[in-house]
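Student: After the C-alpha cells below, expect a handful of questions from me.
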Amino acid sequence: MTLELLNYAVAWPEIFLLTMACVVLVADVYLDDENRNATYLLSQLTLLVTLVLIAVKATSASETVIAFNGTFVSDALGDVLKFFIVLIIAIVFVYSRDYLKDRNIFKGEFYVLGLFGVLGMMVMVSANHFLSLYLGLELLSLSLYAMVAFDRDNPNASEAAMKYFVLGAIASGMLLYGMSMIYGMTGSLNIAEVATAINQMGDTNIVLIFGLVFMVIGLAFKLGAVPFHMWIPDVYHGAPTTVTSYIASAPKIAGFAMVMRLLAEGMGGLQADWQGMLVILAVLSMAIGNVIAIAQTNLKRMLAYSTISHVGFILLGILAANNDGYSAAMFYTLTYALMSVGGFGMIILLARAGLEAENLDDFKGLNQRSPWYAFMMLILMFSMAGVPPTVGFWAKLAVLKAVIDIDMLWLALVAVFFSIIGVYYYLRVVKLMYFDDPVDETPIEKSRDMQIALSANGLAILVLGLYPAALMSLCVSVFS
Amino acid sequence: MHDLTLLLLLPLIGAAIITVLPSDQPKLIRNLAILAALAALIQSWYLLYAFDSSTALLQFSEQTAWNTRLGTSYAMGVDGISLPMILLATLLCVIAIMASSSIKQGIKAYYFLILLLETAMLGVFMAQDWTLFYLFWELTLIPLFFLIDRWGGKRRHTAALNFVLYTMGGSVFMLLSILALFDSTPEHSFAMADMLASARSLSPDTQFWIFLGFLIGFGVKMPIFPIHGWLPLAHVEAPSPVSILLSGILLKMGSYGLIRASSMLPEAVIALQPMLATLALFSLIYGGLLAWRQSDLKSMIAYSSVSHMGVVLLGIAALNITGLTGAVLQMVAHGLVAGAMFLLIGLLYERTHTRDVNHYSSLVRVTPRFAFFTTLAFIAAVGMPGTAGFVAELHALIGGFERWGWIMIILSLGVLISSAYAIRTVGRLFTGPVKKEMQSIKDLRNHEMLAASFLTIGFVSIGFFPAPVLELMSASISELSAVFAGRL
C-alpha cells in the first residue's frame with residue numbers, strides 16, 4: 001500500500017483532532033488546578049479549528065472520495081453531519097464549565113474524553129467499512145462510559161455508568177455478531193462491496209436477514225429505540241447533566257449516520273426487510289416514549305423519554321427509504337440535537353453548587369426569576385412538541401410528508417396521535433414556569449459565555465423555524 | 001409595504017413596543033394597545049375601501065417563496081369571504097382591549113398576548129398557503145393558552161389545557177389532510193390555489209378521507225357536536241375580553257377553514273352533505289337546549305354559540321348561494337352578537353362577581369344602560385327581524401329549504417328554544433322583585449358604552465341594511481356555489 005492510496009487530505013479534520021486531543025491530554029498533566037481553564041480553552045480552540053477545517057474541506061472538494069484503502073469515505077453527507085457534531089459539542093463544552101466548577105470536578109479528563117468522543121463520532125460518520133464504523137462507535141462509547149462515571153463519588157452516576165457499560169457492550173456484541181454474519185455471506189466488510197453482493201443475492205437469503213436483525217438490534221440499542229431503550233432514562237438521570245447533554249445531542253447525529261451507512265448504503269438490497277423492523281421500532285418508541293414521559297417528575301428523565309420518542313420520529317423518516325425521507329430524518333436529527341442540548345443547557349443554567357435543578361419543581365416560577373430564560377425554555381419546549389413557528393414543527397412536517405409519500409398514512413396517524421400526547425408534558429413545563437410561584441428565589445448567576453450561548457441556542461430554534469429553507473436545502477442537497 | 005403585511009404587522013409592532021415599555025405605566029401600555037388595535041382596524045377599513053366586490057378573485061395578493069424545498073410560500077390575499085372576517089376580527093380586538101380595564105396584574109404580558117393573538121387570527125384569514133395557514137392557526141393557541149391560564153377563572157388550568165389539547169388534537173388531522181393533498185399536487189407547492197386545482201380532480205373516495213381530516217380539525221374549533229367538549233369550559237373560565245375573542249373570532253376560524261376546505265373537495269362535501277346537515281341541526285337543538293338549562297350566564301352564552309354555529313354549518317351544508325351567504329353572514333352576526341353578550345355579561349360580572357342568573361334581579365332601575373344594550377344583544381341572538389342574525393338565519397333557512405324542504409322546521413324549533421332562554425334571561429336580569437344587594441351596581445361607563453354601541457350599531461345596521469355586506473361577499477360566494485352546482 002502506497003501512501004498516495006491513503007489519501008490523507010480528506011481526513012485532515014480527524015487527524016488534527018486526534019493530534020490535538022493527545023496534546024490536550026499531555027498538556028493537562030502539567031497544569032495545576034488554578035490553570036485548568038487552559039485545558040478548556042485549548043479544547044474549544046481545537047473544536048473551532050476542526051470546525052474550520054471541515055468547512056474548508058466541504059467547500060473546496062465536495063465530491064465523494066474513498067480513502068484509507070476503502071475504509072473511509074468523505075462525502076457531503078459526512079461533512080454536514082461532522083460540522084454539526086463538532087458545533088454541538090462546542091456548545092456542550094461552553095455549558096459544562098460552570099457546572100463542573102460548582103461540583104469540583106472541573107478536570108481535564110472531561111474535555112479529553114469529550115474530544116476523543118468527537119473523534120469517534122467523526123470516524124463513524126465517515127465509515128465506509130464495518131470495522132472503521134465499529135472502531136468509531138467504540139471510541140465514542142468508551143469515552144461516554146467514562147464520562148458518565150466521571151463524578152466518581154456520586155453513586156447514581158456510578159450505577160448509571162455500570163448499566164450503560166453492560167448494555168452498551170451487549171449492543172456492540174449484537175452489532176458485531178450481525179456484521180460477522182453479513183461478512184460470512186458476502187465475503188467483505190467494505191460497505192460498498194457488501195451492498196453490491198447483497199444486491200446480487202437478493203433479499204431472500206436467510207443468513208443475511210439474520211445478520212440484518214442483529215445489526216438492527218445493535219443500532220436500536222445505540223439510538224435508544226424501544227424495546228432497547230432501558231438504559232436511556234437511567235443514564236440520562238444518573239450522569240452529571242453536562243455529560244447528559246453530551247450523550248443526548250451529538251451522538252444521535254452519529255447514530256443517524258451509522259444507520260444511514262449500514263442500512264441505507266450497505267443493505268439497500270434488504271430494504272423491504274429493515275423497513276418493517278424500523279416500523280415496529282418507530283411506533284413503539286413514539287408510544288412508550290411519549291406516554292411514560294407524562295409520569296416523570298424529574299426533568300432529566302422526562303427529556304430521556306422524550307428523546308426516545310424523537311428517535312421514533314427519526315426512524316420514521318429513515319424507513320421511508322428514499323431521499324426525501326433521509327433528508328427529513330437528517331433535518332430532524334440536526335434540529336433535535338440542537339433542541340436537546342438547549343434543554344439540558346437550561347437545567348445546567350438553573351443548577352448550582354448543591355442543587356441539580358433536575359426536578360420539574362425547580363422550574364416553577366422561572367418566569368418571575370428570569371423572563372428571558374423562561375422564554376428560551378418555552379421555545380425549546382414548543383419546538384420539541386412541534387408547535388409552529390419553531391423548527392420542531394418543520395422537522396415533524398418533513399418526516400410526516402415523507403411517510404405519507406410512501407402511502408403509509410396509518411403510520412403518520414400513529415405519529416401525530418402520540419405527538420399530541422407529547423404536547424401535554426411539554427406544556428406542563430411551560431405551565432410550571434409561567435403560572436406557579438417559584439420555590440427558590442436565588443438569582444441565576446452563570447458566566448457570560450454560557451448565557452450568550454444558551455440565548456443563541458434558543459433563538460436559533462426560533463429563527464430556524466421562521467427560515468427553515470437553508471438548513472432544509474442543505475439536508476436535501478447531500479442526498480441528491 | 002403590501003397592505004396585508006402591514007395589517008399583519010400593526011398589532012405585532014404594538015406588541016413589540018409594549019415589551020420594552022416600563023411595567024409600572026399601566027395606562028401607557030393600555031393606550032398603546034388600543035392604538036395598535038385601532039391602527040389595524042383603520043387599515044382593515046382601508047382594505048374594504050379599496051376592495052373591488054365585483055370580482056371573486058383574490059385581492060391585495062402577495063407571494064414570496066419561503067421554503068422552496070418544501071414548496072411553502074408566504075402568500076396572502078383576501079376575497080369576499082375573508083374580508084368580512086378580517087373586519088370582524090379587527091373590530092372585536094379593539095372592543096376586547098377596551099373591555100380589559102379590569103385586568104390589573106401582568107398588564108404588559110396581557111396586552112402583548114392579546115395583540116399577538118390578533119396577528120395570528122388575521123394571519124389565518126389572510127393566508128393563501130396551507131402551511132402558512134396552519135402556522136397561524138397553531139400560533140393562536142400559544143397566546144390563548146397563556147391568556148386563559150393566567151387571567152382566567154377558578155378552573156383555568158384545566159380549561160387552558162383542555163382547549164390546547166383539543167384544538168391540537170383536531171388540527172393534526174388537518175395537517176395530515178394537508179400533507180395528503182400536497183402529495184397529490186404536481187406543482188410541489190402548498191399554495192392554496194395550486195392545491196385547489198389538483199384536489200378537485202382527486203377521486204371522490206380520496207377526497208372523502210381528506211375532507212374528513214379537515215372536518216375534524218375545523219369541527220373542533222367551530223365547534224360541531226360531538227367535538228365541542230372544550231368550548232363551555234374555555235369560554236366560562238377565560239377572562240371576559242378573551243371570551244369575546246374566542247366566540248367572536250376563534251370559532252369563525254373553524255367555519256372559515258371549513259368553507260375553504262369544501263371548495264377544494266367538492267365531491268367529498270356532496271357525499272357528506274346529509275351528515276353535515278344532521279350534525280348542524282343536532283348542534284343547533286342540542287346547544288339551544290343546554291343553553292336553556294344553564295344558570296351560569298357565561299356558560300349559557302357558550303352553549304348558545306354551539307347552537308348558532310350550527311346555523312353556520314347548516315348554511316355551508318346547503319351548498320347553494322343562499323345557504324352559503326347565510327353561513328358567512330351568520331359568522332359575522334354571531335361574532336358581533338356573541339361579542340356584545342360576552343362584553344356586557346363580563347362587565348356585569350366585574351361589578352357583581354356572580355354569574356348565576358338567579359342572583360340577579362330588577363337591574364333595569366339601577367342600570368338602564370346595561371338593560372338597554374343587553375336586551376338588544378339577546379334579542380339579536382334570537383334572530384329578531386331588524387338584527388343581523390335574522391338576515392343570516394333567514395338565508396340559511398331558505399338555502400336549507402331549497403335543499404331539504406320541510407325538515408327546516410327543526411331550525412325554527414332551534415330559534416324558538418333560543419328565544420325561550422333569551423327572554424327568560426332578560427327577565428331574570430332586569431325585572432322581578434327588588435334585591436337590596438343589586439341596588440348599588442354602577443351602570444356602564446362611557447368607554448364601555450362606546451364599545452357596546454359599536455357592536456350594537458354593527459348588528460342592527462346589518463339587520464336593517466344587509467345589502468352592502470351581501471354585495472361584499474356575493475361574487476366570492478357565487479363562485480364557490482358554482483363549484484357545487486355543477487356536481488349536484
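Scheme for the C-alpha cells: letters A, B, ... for chains in order shown; per-chain residue numbers from 1; ligand numbers from 1 in order shown.
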Give as a PyMOL selection string every residue of chain B that touches chain A within 8 Å, counting only C-alpha atoms.
Tutor: chain B and resi 66-70+135+138-139+149-150+161+165+168-169+172-173+176+179-180+183
Student: What residues in segment 225-439 of chain A get the DSSP label strand (DSSP E or B)? Please answer as an MDAnalysis selection string.
Tutor: chainID A and resid 298 352 355 359
Student: Output N, CA, C and O atoms for every residue in that selection, as a short mmCIF file (atom, residue, chain, number, x, y, z; two decimals), in the first residue's frame.
Tutor:
data_model
loop_
_atom_site.label_atom_id
_atom_site.label_comp_id
_atom_site.auth_asym_id
_atom_site.auth_seq_id
_atom_site.Cartn_x
_atom_site.Cartn_y
_atom_site.Cartn_z
N ASN A 298 -39.00 14.07 37.21
CA ASN A 298 -37.63 14.51 37.06
C ASN A 298 -37.42 14.94 35.61
O ASN A 298 -37.70 14.18 34.68
N ARG A 352 -26.78 24.78 40.53
CA ARG A 352 -25.66 25.46 41.17
C ARG A 352 -25.10 24.50 42.22
O ARG A 352 -25.62 23.38 42.35
N LEU A 355 -27.34 22.04 44.16
CA LEU A 355 -28.67 21.89 43.56
C LEU A 355 -28.52 21.44 42.12
O LEU A 355 -27.81 22.07 41.34
N ASN A 359 -35.42 18.58 38.91
CA ASN A 359 -36.83 18.26 39.11
C ASN A 359 -37.71 19.30 38.46
O ASN A 359 -37.32 20.46 38.33
#
Student: Just want the 9 Å neighbourhood of Phe221 of chain A, counted on only C-alpha atoms, with same-chain residues fewer than 2 positions away dropped. Output as a list in words.
Tutor: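 Listing them by chain and then by number gives Leu167, Gly168, Ile170, Ala171, Ser172, Val216, Ile217, Gly218, Leu219, Leu223, Gly224, Ala225, Val226, Pro227, Phe228, His229, Met230 and Trp231 of chain A.
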Student: Using only C-alpha atoms, which residues sit within 12 Å of Thr71 of chain A once same-chain residues fewer than 6 positions away are excluded, as a count of residues only?
Tutor: 25
Student: Using only C-alpha atoms, which protein or nucleic acid residues come within 10 Å of segment 225-231 of chain B? Drop anything in the same chain fewer than 2 positions from it, and give the result as a ChimeraX atom specification.
Tutor: /B:158-167,170,216-217,219-223,233-237,246-247,251,279-284,286-287,299,302-303,305-307,310
Student: Counting only C-alpha atoms, what is within 12 Å of Ser262 of chain B, bar same-chain residues fewer than 2 positions away, as a PDB file with C-alpha atoms, in the first residue's frame?
Tutor:
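Saved file part_32.pdb follows:
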ATOM      1  CA  LEU B 196     -57.219  23.638  -5.149  1.00  0.00           C
ATOM      2  CA  ALA B 199     -57.583  18.489  -5.118  1.00  0.00           C
ATOM      3  CA  ARG B 200     -60.734  18.898  -7.191  1.00  0.00           C
ATOM      4  CA  GLN B 207     -61.477  13.390  -1.329  1.00  0.00           C
ATOM      5  CA  PHE B 208     -63.742  11.859   1.279  1.00  0.00           C
ATOM      6  CA  ILE B 210     -59.007  14.030   3.137  1.00  0.00           C
ATOM      7  CA  PHE B 211     -62.103  16.070   3.872  1.00  0.00           C
ATOM      8  CA  LEU B 212     -62.757  14.019   6.976  1.00  0.00           C
ATOM      9  CA  GLY B 213     -59.384  15.168   8.337  1.00  0.00           C
ATOM     10  CA  PHE B 214     -60.275  18.791   7.666  1.00  0.00           C
ATOM     11  CA  LEU B 215     -63.702  18.281   9.202  1.00  0.00           C
ATOM     12  CA  PHE B 218     -62.132  22.636  11.816  1.00  0.00           C
ATOM     13  CA  SER B 255     -66.101  27.644   9.807  1.00  0.00           C
ATOM     14  CA  TYR B 256     -63.907  29.777   7.556  1.00  0.00           C
ATOM     15  CA  GLY B 257     -61.468  26.903   7.193  1.00  0.00           C
ATOM     16  CA  LEU B 258     -64.329  24.521   6.522  1.00  0.00           C
ATOM     17  CA  ILE B 259     -65.555  26.726   3.667  1.00  0.00           C
ATOM     18  CA  ARG B 260     -62.049  26.791   2.183  1.00  0.00           C
ATOM     19  CA  MET B 264     -61.210  22.229  -2.561  1.00  0.00           C
ATOM     20  CA  LEU B 265     -63.014  18.933  -2.103  1.00  0.00           C
ATOM     21  CA  PRO B 266     -66.484  19.341  -3.574  1.00  0.00           C
ATOM     22  CA  GLU B 267     -67.111  15.638  -4.164  1.00  0.00           C
ATOM     23  CA  ALA B 268     -66.468  14.813  -0.545  1.00  0.00           C
ATOM     24  CA  VAL B 269     -68.701  17.590   0.734  1.00  0.00           C
ATOM     25  CA  ILE B 270     -71.504  16.424  -1.501  1.00  0.00           C
ATOM     26  CA  ALA B 271     -71.088  12.882  -0.243  1.00  0.00           C
ATOM     27  CA  LEU B 272     -71.083  14.094   3.352  1.00  0.00           C
ATOM     28  CA  GLN B 273     -73.863  16.638   2.871  1.00  0.00           C
ATOM     29  CA  LEU B 276     -73.164  17.677   7.830  1.00  0.00           C
ATOM     30  CA  LEU B 313     -72.774  24.611   9.386  1.00  0.00           C
ATOM     31  CA  ILE B 316     -72.456  25.514   4.447  1.00  0.00           C
ATOM     32  CA  ALA B 317     -74.078  22.106   4.080  1.00  0.00           C
ATOM     33  CA  ALA B 318     -76.819  23.547   1.877  1.00  0.00           C
ATOM     34  CA  LEU B 319     -74.121  24.214  -0.751  1.00  0.00           C
ATOM     35  CA  LEU B 324     -73.560  29.871   1.891  1.00  0.00           C
ATOM     36  CA  LEU B 480     -67.989  28.960  -4.520  1.00  0.00           C
ATOM     37  CA  SER B 481     -71.512  27.690  -5.038  1.00  0.00           C
ATOM     38  CA  VAL B 483     -68.366  24.584  -7.855  1.00  0.00           C
ATOM     39  CA  PHE B 484     -71.106  22.534  -6.237  1.00  0.00           C
TER      40      PHE B 484
END
Student: Of the candidates B:Ile285, B:Ala338, B:Ile441, B:Ala96, which shows the shortest atom-to-atom distance to Thr352 of chain B, using only C-alpha atoms?
Tutor: B:Ile441
